[in-house]
$ cat input14.cif   # mmCIF, C-alpha atoms
data_data
loop_
_atom_site.label_atom_id
_atom_site.label_comp_id
_atom_site.auth_asym_id
_atom_site.auth_seq_id
_atom_site.Cartn_x
_atom_site.Cartn_y
_atom_site.Cartn_z
CA MET B 1 66.50 293.78 -31.99
CA GLU B 2 64.18 290.84 -32.61
CA GLN B 3 65.78 287.46 -31.97
CA ARG B 4 65.70 285.18 -35.00
CA GLU B 5 64.33 281.65 -34.72
CA LYS B 6 66.91 278.84 -34.75
CA ALA B 7 66.29 275.85 -36.99
CA ILE B 8 67.79 272.48 -37.89
CA LEU B 9 67.51 271.59 -41.60
CA ILE B 10 66.72 267.99 -42.56
CA GLY B 11 67.14 266.35 -45.97
CA ALA B 12 66.95 262.89 -47.50
CA ASN B 13 69.34 262.19 -50.38
CA LEU B 14 67.34 259.71 -52.45
CA ASN B 15 69.42 257.35 -54.59
CA ASN B 16 72.45 259.69 -54.55
CA ASN B 17 70.59 262.52 -56.26
CA GLU B 18 73.19 264.83 -57.84
CA ASP B 19 70.94 267.84 -57.13
CA PHE B 20 70.78 267.16 -53.37
CA THR B 21 73.54 269.62 -52.34
CA ASN B 22 71.91 272.39 -54.37
CA SER B 23 68.49 271.57 -52.92
CA MET B 24 69.79 271.83 -49.34
CA GLU B 25 71.52 275.12 -50.14
CA GLU B 26 68.19 276.41 -51.46
CA LEU B 27 66.53 275.32 -48.21
CA ARG B 28 69.12 277.38 -46.27
CA ASN B 29 68.38 280.39 -48.48
CA LEU B 30 64.63 279.92 -48.04
CA ALA B 31 65.07 279.81 -44.26
CA ALA B 32 67.19 282.98 -44.38
CA ALA B 33 64.51 284.66 -46.51
CA CYS B 34 62.06 283.85 -43.71
CA ASP B 35 64.41 285.37 -41.07
CA ILE B 36 65.34 281.97 -39.65
CA ASP B 37 68.90 281.06 -38.60
CA SER B 38 70.02 277.62 -39.78
CA VAL B 39 72.15 276.36 -36.88
CA GLY B 40 72.59 272.77 -38.06
CA GLU B 41 71.82 270.16 -40.69
CA VAL B 42 71.09 266.45 -40.69
CA SER B 43 70.85 264.36 -43.87
CA GLN B 44 70.66 260.68 -44.74
CA ASN B 45 71.21 258.66 -47.91
CA LEU B 46 68.07 256.66 -48.58
CA SER B 47 66.56 254.53 -51.32
CA ARG B 48 63.07 255.63 -50.26
CA ILE B 49 61.47 258.00 -47.74
CA ASN B 50 60.50 256.51 -44.38
CA ALA B 51 56.69 256.65 -44.37
CA GLN B 52 56.55 257.13 -40.60
CA TYR B 53 59.41 259.55 -39.85
CA TYR B 54 60.78 260.70 -43.27
CA LEU B 55 64.29 259.62 -42.13
CA GLY B 56 65.21 256.43 -40.28
CA LYS B 57 64.35 256.31 -36.56
CA GLY B 58 68.07 256.38 -35.62
CA LYS B 59 68.59 259.60 -37.59
CA ILE B 60 65.57 261.18 -35.93
CA LEU B 61 67.14 260.47 -32.52
CA GLU B 62 70.27 262.27 -33.83
CA VAL B 63 68.00 265.21 -34.75
CA CYS B 64 66.64 265.22 -31.16
CA GLU B 65 70.19 265.47 -29.80
CA LYS B 66 71.04 268.35 -32.16
CA VAL B 67 67.88 270.23 -31.21
CA ASN B 68 68.79 270.03 -27.52
CA GLU B 69 72.48 270.73 -28.11
CA LEU B 70 71.95 273.79 -30.36
CA GLY B 71 68.81 275.16 -28.70
CA ALA B 72 66.78 274.95 -31.93
CA GLU B 73 63.09 275.88 -31.80
CA LEU B 74 62.22 274.59 -35.25
CA VAL B 75 63.02 271.65 -37.53
CA ILE B 76 62.59 272.18 -41.30
CA PHE B 77 62.33 269.24 -43.70
CA ASN B 78 63.35 269.58 -47.35
CA ASP B 79 60.25 267.84 -48.74
CA GLU B 80 56.51 268.06 -48.20
CA LEU B 81 55.54 265.95 -45.16
CA SER B 82 52.33 264.02 -44.71
CA PRO B 83 50.07 264.92 -41.74
CA SER B 84 51.01 261.68 -39.95
CA GLN B 85 54.74 262.34 -40.45
CA VAL B 86 54.40 265.82 -38.91
CA ARG B 87 52.49 264.36 -35.94
CA ASN B 88 55.03 261.53 -35.37
CA LEU B 89 58.00 263.86 -35.72
CA GLU B 90 56.66 266.52 -33.35
CA GLU B 91 55.89 263.86 -30.72
CA THR B 92 59.39 262.36 -31.04
CA ILE B 93 61.49 265.51 -31.38
CA ASP B 94 59.32 267.61 -29.02
CA CYS B 95 59.80 270.62 -31.28
CA ARG B 96 57.83 272.45 -33.97
CA VAL B 97 58.21 270.74 -37.37
CA ILE B 98 57.53 272.30 -40.78
CA ASP B 99 58.35 271.32 -44.35
CA ARG B 100 59.68 273.14 -47.43
CA THR B 101 56.15 273.90 -48.62
CA VAL B 102 55.21 275.71 -45.40
CA LEU B 103 58.46 277.68 -45.57
CA ILE B 104 57.71 278.88 -49.12
CA LEU B 105 54.11 279.68 -48.18
CA ASP B 106 55.38 281.75 -45.23
CA ILE B 107 57.73 283.72 -47.49
CA PHE B 108 54.91 284.39 -49.95
CA ALA B 109 52.63 285.49 -47.06
CA GLN B 110 55.29 287.95 -45.79
CA ARG B 111 56.02 289.41 -49.25
CA ALA B 112 52.49 289.65 -50.70
CA LYS B 113 51.60 293.34 -50.92
CA THR B 114 48.73 293.59 -53.42
CA LYS B 115 45.23 292.31 -52.69
CA GLU B 116 45.48 289.77 -55.51
CA ALA B 117 48.74 288.28 -54.21
CA GLN B 118 47.40 288.14 -50.64
CA LEU B 119 44.28 286.28 -51.80
CA GLN B 120 46.36 283.83 -53.83
CA VAL B 121 48.70 283.10 -50.91
CA GLU B 122 45.80 282.58 -48.46
CA ILE B 123 44.06 280.20 -50.89
CA ALA B 124 47.28 278.20 -51.31
CA HIS B 125 47.77 278.04 -47.52
CA LEU B 126 44.20 276.84 -46.89
CA GLN B 127 44.47 274.23 -49.64
CA TYR B 128 47.64 272.96 -47.98
CA MET B 129 45.92 272.86 -44.57
CA LEU B 130 42.73 271.13 -45.73
CA PRO B 131 44.04 267.51 -45.79
CA ARG B 132 46.03 268.19 -42.59
CA LEU B 133 43.13 269.14 -40.32
CA ILE B 134 43.04 265.72 -38.71
CA GLY B 135 46.46 266.21 -37.13
CA SER B 136 46.31 269.93 -36.49
CA ALA B 137 44.75 269.90 -33.01
CA GLU B 138 44.34 267.28 -30.35
CA ALA B 139 41.04 268.85 -29.29
CA LEU B 140 39.39 267.67 -32.51
CA GLY B 141 38.62 264.28 -31.02
CA ARG B 142 38.14 265.34 -27.36
CA GLN B 143 34.86 267.13 -27.00
CA GLY B 144 32.36 266.59 -24.23
CA GLY B 145 29.57 264.63 -25.88
CA GLY B 146 26.95 263.83 -23.23
CA SER B 147 25.83 260.90 -25.33
CA GLY B 148 26.96 258.27 -22.87
CA LEU B 149 29.26 256.79 -25.51
CA LYS B 150 32.38 258.60 -24.35
CA ASN B 151 32.80 261.04 -27.25
CA LYS B 152 32.33 258.39 -29.92
CA GLY B 153 31.81 260.23 -33.18
CA SER B 154 32.11 263.74 -31.73
CA GLY B 155 35.63 264.24 -33.11
CA GLU B 156 34.43 263.41 -36.63
CA LYS B 157 31.65 266.00 -36.35
CA LYS B 158 34.07 268.73 -35.23
CA LEU B 159 36.51 267.75 -38.00
CA GLU B 160 33.78 267.92 -40.64
CA LEU B 161 32.71 271.33 -39.34
CA ASP B 162 36.26 272.69 -39.53
CA ARG B 163 36.75 271.20 -42.99
CA ARG B 164 33.52 272.81 -44.19
CA LYS B 165 34.61 276.18 -42.76
CA LEU B 166 37.90 275.92 -44.66
CA GLU B 167 36.17 274.92 -47.89
CA ASP B 168 33.69 277.80 -47.54
CA ARG B 169 36.55 280.23 -46.93
CA ILE B 170 38.44 278.92 -50.00
CA SER B 171 35.28 279.29 -52.09
CA ALA B 172 34.73 282.89 -50.89
CA LEU B 173 38.35 283.81 -51.57
CA ASN B 174 38.19 282.32 -55.07
CA LYS B 175 35.11 284.42 -55.86
CA GLU B 176 36.88 287.55 -54.63
CA LEU B 177 39.95 286.63 -56.69
CA GLU B 178 37.84 286.10 -59.82
CA LEU B 179 36.80 289.79 -59.76
CA LEU B 180 40.46 290.87 -59.77
CA VAL B 181 41.32 288.27 -62.43
CA SER B 182 38.54 289.55 -64.73
CA ARG B 183 40.11 293.03 -64.54
CA ARG B 184 43.46 291.59 -65.59
CA GLN B 185 41.79 289.68 -68.43
CA ASN B 186 40.17 292.90 -69.66
CA GLN B 187 43.60 294.55 -69.68
CA ARG B 188 44.97 291.67 -71.77
CA LYS B 189 42.05 292.00 -74.24
CA TRP B 190 42.80 295.71 -74.61
CA ARG B 191 46.45 294.94 -75.36
CA LYS B 192 45.50 292.36 -77.99
CA LYS B 193 43.03 294.79 -79.58
CA ASN B 194 45.74 297.44 -79.78
CA GLU B 195 48.27 294.87 -81.03
CA ILE B 196 50.88 295.82 -78.44
CA PRO B 197 53.53 293.05 -78.25
CA VAL B 198 53.96 291.54 -74.78
CA VAL B 199 57.39 290.34 -73.63
CA ALA B 200 57.50 288.39 -70.34
CA LEU B 201 60.54 287.97 -68.10
CA VAL B 202 60.52 284.45 -66.66
CA GLY B 203 63.03 282.36 -64.74
CA TYR B 204 64.24 281.02 -61.44
CA THR B 205 63.79 283.14 -58.35
CA ASN B 206 66.61 285.69 -57.86
CA ALA B 207 67.88 285.29 -61.45
CA GLY B 208 67.65 289.06 -62.00
CA LYS B 209 64.31 289.58 -63.76
CA SER B 210 63.37 292.73 -61.83
CA THR B 211 66.85 294.17 -62.36
CA ILE B 212 66.48 293.70 -66.13
CA MET B 213 63.05 295.38 -65.98
CA ASN B 214 64.48 298.40 -64.13
CA VAL B 215 67.50 298.72 -66.44
CA MET B 216 65.21 298.66 -69.50
CA LEU B 217 63.09 301.38 -67.88
CA LYS B 218 66.16 303.52 -67.10
CA LEU B 219 67.44 303.12 -70.66
CA TYR B 220 64.20 303.89 -72.46
CA ASN B 221 61.58 305.25 -70.02
CA PRO B 222 63.47 307.00 -67.21
CA ILE B 223 60.57 307.62 -64.82
CA ALA B 224 61.61 306.68 -61.26
CA GLU B 225 58.13 305.77 -59.96
CA LYS B 226 57.77 303.17 -62.71
CA GLU B 227 60.63 301.04 -61.40
CA VAL B 228 59.80 297.73 -59.70
CA PHE B 229 61.11 296.41 -56.38
CA GLU B 230 64.38 294.50 -56.70
CA LYS B 231 66.56 292.86 -54.06
CA ASP B 232 69.12 290.06 -53.91
CA MET B 233 66.84 287.54 -52.20
CA LEU B 234 64.46 284.72 -53.05
CA PHE B 235 60.95 285.72 -54.15
CA ALA B 236 61.52 289.48 -54.00
CA THR B 237 58.80 289.73 -56.69
CA LEU B 238 55.35 288.24 -56.09
CA GLU B 239 53.24 290.66 -58.12
CA THR B 240 53.17 290.78 -61.90
CA SER B 241 54.30 294.23 -63.05
CA VAL B 242 53.72 295.46 -66.61
CA ARG B 243 55.58 298.45 -68.04
CA ASN B 244 55.56 300.07 -71.47
CA ILE B 245 58.98 300.24 -73.14
CA THR B 246 59.22 302.79 -75.97
CA LEU B 247 62.43 302.50 -77.97
CA PRO B 248 64.17 305.49 -79.63
CA ASP B 249 62.69 304.49 -83.01
CA ASN B 250 59.12 304.73 -81.57
CA LYS B 251 58.63 300.97 -81.50
CA SER B 252 57.06 299.96 -78.20
CA PHE B 253 56.23 296.77 -76.33
CA LEU B 254 54.99 295.79 -72.88
CA LEU B 255 57.54 294.20 -70.55
CA THR B 256 56.15 291.93 -67.82
CA ASP B 257 58.01 291.01 -64.63
CA THR B 258 56.71 287.76 -63.11
CA VAL B 259 57.06 285.70 -59.94
CA GLY B 260 60.15 283.48 -59.95
CA PHE B 261 60.15 279.69 -59.99
CA ILE B 262 61.97 277.25 -57.71
CA SER B 263 62.41 273.49 -57.55
CA LYS B 264 59.66 271.75 -55.58
CA LEU B 265 57.44 274.83 -55.96
CA PRO B 266 54.27 273.83 -54.07
CA HIS B 267 51.52 272.84 -56.50
CA HIS B 268 49.05 274.74 -54.27
CA LEU B 269 50.95 277.94 -55.12
CA VAL B 270 51.15 277.20 -58.85
CA ARG B 271 47.40 276.58 -58.86
CA ALA B 272 46.59 279.68 -56.76
CA PHE B 273 48.89 281.92 -58.82
CA ARG B 274 47.65 280.52 -62.15
CA SER B 275 45.72 283.73 -62.91
CA THR B 276 48.87 285.79 -62.40
CA LEU B 277 51.00 283.36 -64.38
CA GLU B 278 48.54 283.52 -67.30
CA GLU B 279 50.45 286.69 -68.20
CA VAL B 280 53.29 284.35 -69.17
CA ALA B 281 51.11 281.99 -71.21
CA GLU B 282 49.68 284.87 -73.27
CA ALA B 283 52.96 286.66 -74.00
CA ASP B 284 54.31 287.01 -77.54
CA LEU B 285 57.89 286.39 -76.40
CA LEU B 286 59.56 285.03 -73.26
CA ILE B 287 62.91 286.20 -71.90
CA LEU B 288 64.15 283.23 -69.87
CA VAL B 289 66.52 284.86 -67.38
CA ILE B 290 69.28 282.57 -66.09
CA ASP B 291 71.67 283.28 -63.22
CA TYR B 292 74.82 282.38 -65.16
CA SER B 293 76.95 282.71 -62.01
CA ASN B 294 75.07 279.92 -60.23
CA PRO B 295 76.90 276.57 -60.59
CA TYR B 296 73.49 274.87 -60.85
CA TYR B 297 72.15 277.18 -63.58
CA LYS B 298 71.39 274.27 -65.96
CA LYS B 299 69.19 272.60 -63.34
CA GLN B 300 67.43 275.94 -62.72
CA MET B 301 66.77 276.20 -66.47
CA GLU B 302 65.22 272.72 -66.45
CA VAL B 303 62.93 273.64 -63.53
CA THR B 304 61.83 276.82 -65.35
CA GLN B 305 61.17 274.92 -68.58
CA GLU B 306 59.13 272.28 -66.71
CA THR B 307 57.05 275.01 -65.03
CA LEU B 308 56.48 276.77 -68.36
CA LYS B 309 55.27 273.48 -69.81
CA GLU B 310 52.88 273.07 -66.88
CA LEU B 311 51.52 276.56 -67.60
CA GLY B 312 51.06 275.78 -71.30
CA ALA B 313 53.70 278.35 -72.26
CA ASP B 314 56.33 276.00 -73.70
CA GLN B 315 55.48 276.82 -77.34
CA ILE B 316 56.10 280.58 -77.05
CA PRO B 317 59.35 281.85 -78.66
CA ILE B 318 62.16 282.20 -76.10
CA ILE B 319 65.29 284.31 -75.78
CA TYR B 320 67.73 282.91 -73.20
CA ALA B 321 69.32 285.77 -71.22
CA PHE B 322 72.37 284.47 -69.34
CA ASN B 323 72.54 287.13 -66.62
CA LYS B 324 75.23 288.01 -64.02
CA CYS B 325 78.04 287.26 -66.49
CA ASP B 326 80.33 289.57 -64.49
CA LEU B 327 80.09 287.08 -61.60
CA ALA B 328 80.17 283.90 -63.70
CA LYS B 329 83.38 281.88 -63.52
CA GLN B 330 82.72 280.23 -66.90
CA PHE B 331 82.42 283.71 -68.42
CA GLN B 332 85.51 285.15 -66.73
CA ASP B 333 87.61 282.10 -67.68
CA ASN B 334 86.51 282.28 -71.32
CA ALA B 335 88.11 285.12 -73.27
CA ASP B 336 85.97 284.27 -76.30
CA ILE B 337 82.48 285.16 -75.02
CA SER B 338 80.99 284.25 -78.39
CA ASN B 339 81.18 280.63 -77.22
CA LYS B 340 77.66 280.78 -75.83
CA PRO B 341 76.04 277.90 -73.91
CA LEU B 342 73.57 276.54 -76.45
CA ASP B 343 73.00 273.07 -75.00
CA LEU B 344 69.50 274.12 -73.92
CA ASN B 345 67.49 270.89 -74.43
CA MET B 346 64.64 272.84 -75.98
CA GLU B 347 62.43 272.02 -78.95
CA GLN B 348 63.17 275.31 -80.75
CA ALA B 349 65.26 274.64 -83.86
CA LYS B 350 67.53 277.66 -83.33
CA PRO B 351 67.30 278.89 -79.73
CA GLU B 352 68.61 282.40 -79.34
CA SER B 353 70.76 283.44 -76.40
CA VAL B 354 72.44 286.60 -75.13
CA ILE B 355 75.01 286.98 -72.37
CA ILE B 356 74.34 289.98 -70.14
CA SER B 357 74.91 291.60 -66.78
CA ALA B 358 71.89 293.74 -66.00
CA LYS B 359 73.61 295.29 -62.94
CA LYS B 360 76.64 296.33 -65.02
CA LYS B 361 74.51 297.11 -68.12
CA ILE B 362 76.58 294.64 -70.18
CA GLY B 363 74.87 293.17 -73.26
CA MET B 364 71.61 295.09 -72.85
CA ASP B 365 71.82 296.36 -76.45
CA ASP B 366 72.10 292.72 -77.60
CA LEU B 367 69.01 291.85 -75.57
CA THR B 368 67.05 294.79 -77.00
CA SER B 369 68.09 293.83 -80.55
CA ALA B 370 66.97 290.23 -79.96
CA ILE B 371 63.59 291.44 -78.65
CA LYS B 372 63.13 293.76 -81.64
CA LYS B 373 63.96 290.96 -84.06
CA HIS B 374 61.15 288.83 -82.61
CA VAL B 375 58.32 291.22 -81.80
CA PHE B 376 58.71 293.65 -84.69
CA ALA B 377 59.28 291.09 -87.43
CA ASP B 378 56.01 292.08 -89.13
CA TYR B 379 56.90 295.77 -89.39
CA VAL B 380 56.61 297.17 -92.91
CA LYS B 381 59.00 299.63 -94.54
CA LEU B 382 57.29 302.18 -96.79
CA GLU B 383 57.82 305.49 -98.55
CA LEU B 384 55.02 308.03 -98.25
CA CYS B 385 54.22 311.35 -99.78
CA ILE B 386 52.09 313.32 -97.32
CA PRO B 387 50.37 316.47 -98.68
CA TYR B 388 51.15 319.56 -96.60
CA GLN B 389 47.50 319.95 -95.61
CA ASN B 390 47.56 316.50 -93.93
CA GLY B 391 49.81 317.45 -91.03
CA ASN B 392 47.82 315.14 -88.74
CA VAL B 393 49.19 312.13 -90.68
CA VAL B 394 52.75 313.32 -90.07
CA SER B 395 51.94 313.70 -86.35
CA TYR B 396 50.52 310.15 -86.32
CA LEU B 397 53.71 308.82 -87.92
CA ASN B 398 55.86 310.65 -85.37
CA ASP B 399 53.91 308.99 -82.55
CA HIS B 400 53.41 305.48 -83.97
CA ALA B 401 56.14 304.75 -86.53
CA SER B 402 59.90 304.77 -86.87
CA ILE B 403 60.79 307.58 -89.31
CA LEU B 404 64.00 306.70 -91.12
CA SER B 405 64.23 309.81 -93.30
CA SER B 406 62.16 312.76 -94.52
CA ARG B 407 62.45 315.50 -97.10
CA TYR B 408 60.30 318.38 -98.25
CA GLU B 409 59.22 318.49 -101.89
CA SER B 410 56.85 320.75 -103.80
CA ASN B 411 54.00 318.23 -103.64
CA GLY B 412 54.39 317.29 -99.94
CA ILE B 413 56.60 315.69 -97.29
CA TRP B 414 58.35 312.50 -98.43
CA ILE B 415 58.85 310.12 -95.52
CA VAL B 416 60.56 306.72 -95.34
CA ALA B 417 59.25 304.89 -92.28
CA GLU B 418 58.73 301.51 -90.60
CA CYS B 419 55.35 300.79 -89.04
CA LYS B 420 53.01 298.03 -87.89
CA LYS B 421 51.05 296.16 -90.55
CA THR B 422 47.78 297.66 -89.21
CA ASP B 423 49.22 301.18 -89.53
CA TYR B 424 50.38 300.39 -93.05
CA ASP B 425 46.79 299.56 -94.00
CA LYS B 426 45.75 303.02 -92.76
CA LEU B 427 48.62 304.84 -94.50
CA LYS B 428 48.98 303.04 -97.82
CA ALA B 429 46.76 305.65 -99.51
CA TYR B 430 49.76 308.00 -99.15
CA GLU B 431 52.30 305.47 -100.42
CA ALA B 432 54.60 307.07 -102.96
CA VAL B 433 55.04 305.58 -106.39
CA MET B 434 58.60 304.24 -106.38
#

$ encode --input "input14.cif" --output "structure tokens"
Amino acid sequence: MEQREKAILIGANLNNNEDFTNSMEELRNLAAACDIDSVGEVSQNLSRINAQYYLGKGKILEVCEKVNELGAELVIFNDELSPSQVRNLEETIDCRVIDRTVLILDIFAQRAKTKEAQLQVEIAHLQYMLPRLIGSAEALGRQGGGSGLKNKGSGEKKLELDRRKLEDRISALNKELELLVSRRQNQRKWRKKNEIPVVALVGYTNAGKSTIMNVMLKLYNPIAEKEVFEKDMLFATLETSVRNITLPDNKSFLLTDTVGFISKLPHHLVRAFRSTLEEVAEADLLILVIDYSNPYYKKQMEVTQETLKELGADQIPIIYAFNKCDLAKQFQDNADISNKPLDLNMEQAKPESVIISAKKKIGMDDLTSAIKKHVFADYVKLELCIPYQNGNVVSYLNDHASILSSRYESNGIWIVAECKKTDYDKLKAYEAVM
């Protein structure tokens, strides 16, 4: 059995930030997701970050003692560190030092399975490394020069060479990624052309988006190989998955499962995954999935809303799905579940919310009804009289419309149906005189 790395977690509580406890708990979960054992924690209340050591020098000496005492091989800081801070800390603590950004990048690197995700993660990692080259290796400034000036200038030349190599690699990866992105864009154009509504599941990591996707598939499209990977861990989903959901009344939409968000999500990752996250920005409806059992669910909602705004997706209609209600204390303590949490701080005049438990299949009918209300609002109800010789029209209706009733008369088949506006334009020649 492989021995897990031991780490000390370090955090600075700036100006008594009320979110600090939650942020440190997230750091523990991120470490666990990276197969790292958190054996200790050190934190300090500060009014500002120490530019040289992140924490005060006295606290860093305390970290040194803990590292020796607990046999830690790694120290993880809860914020992104500057290159000079990493260098100073590693020299003082005599231990490998990483920050929250590196931890998240490592998780993404481990979980990326598709070529597109792997390219995006590598680009994000290289963009993170680019400004940190100067402190990444002592050898950068210690080359044999032969110029008689004792290496003066040789370190700069080596540094520039390494920087250029990184920039060239980033450029090559971006070109490779563009080919995959163009394929995704073509798929989106096809969907728009065929007027298939797109519903995107968005939310904090581990809120239950993939579980909702799989439950919807089991309810309406029970094909096992179409299910997506789900697990109770951070960033289980890194690839965007799109599945067709066909309801019993023949109405269909595309459901998209997306990568989860987290506070302090590295901007390198947001930028690298922008092509994947464009699926969110071009959706017709967003299902904002909230882990209702998490005591910090309101903060997680804020982070998701801020990220959606950054992606230009804050104007898309939203349904708030408060998931894991079976585990939520506020749900269990409240006999009247109609008292829904509507203090959502959103610009929508009448935000819509449903309380669900995807695992227990509670409230999924409510969620489906809410989706239908939004994406099929333009459906038209009509009564048609189809001559018997036009059986192909009846077949088309069976495949593309919701048939509410039908009866056979001497002059043809009378059908009452609901269909898309574009289908109505094709079928109105058969519309019966009421």

$ resolve_selection --input "input14.cif" --expression "the PyMOL selection byres ((chain B and resi 256) around 10)" --output "PyMOL selection string"
chain B and resi 198-202+209-210+213+240-244+253-255+257-258+279-280+283+286-287

$ closest_residue --input "input14.cif" --among "B:Asp35, B:Gly363, B:Asn392, B:Tyr54" --to "Leu89 of chain B" --atoms "all atoms listed in the file"
B:Tyr54

$ resolve_selection --input "input14.cif" --expression "the PyMOL selection byres ((chain B and resi 100-105) around 9)" --output "MDAnalysis selection string"
chainID B and resid 27 30:31 34 76:81 98:99 106:110 121:122 124:125 128 264:266 269

$ resolve_selection --input "input14.cif" --expression "the PyMOL selection byres ((chain B and resi 388) around 8)" --output "list in words"
Ile386, Pro387, Gln389, Asn390, Gly391, Asn411, Gly412 and Ile413 of chain B

$ closest_residue --input "input14.cif" --among "B:Ala207, B:Val97, B:Ile355, B:Ala117" --to "Gly260 of chain B" --atoms "only C-alpha atoms"
B:Ala207

$ axis_aligned_box --input "input14.cif" --around "segment 21-32 of chain B" --padding-each-side "3 Å" --output "AutoDock Vina command-line options"
--center_x 69.1 --center_y 276.3 --center_z -49.3 --size_x 14.9 --size_y 19.4 --size_z 16.1
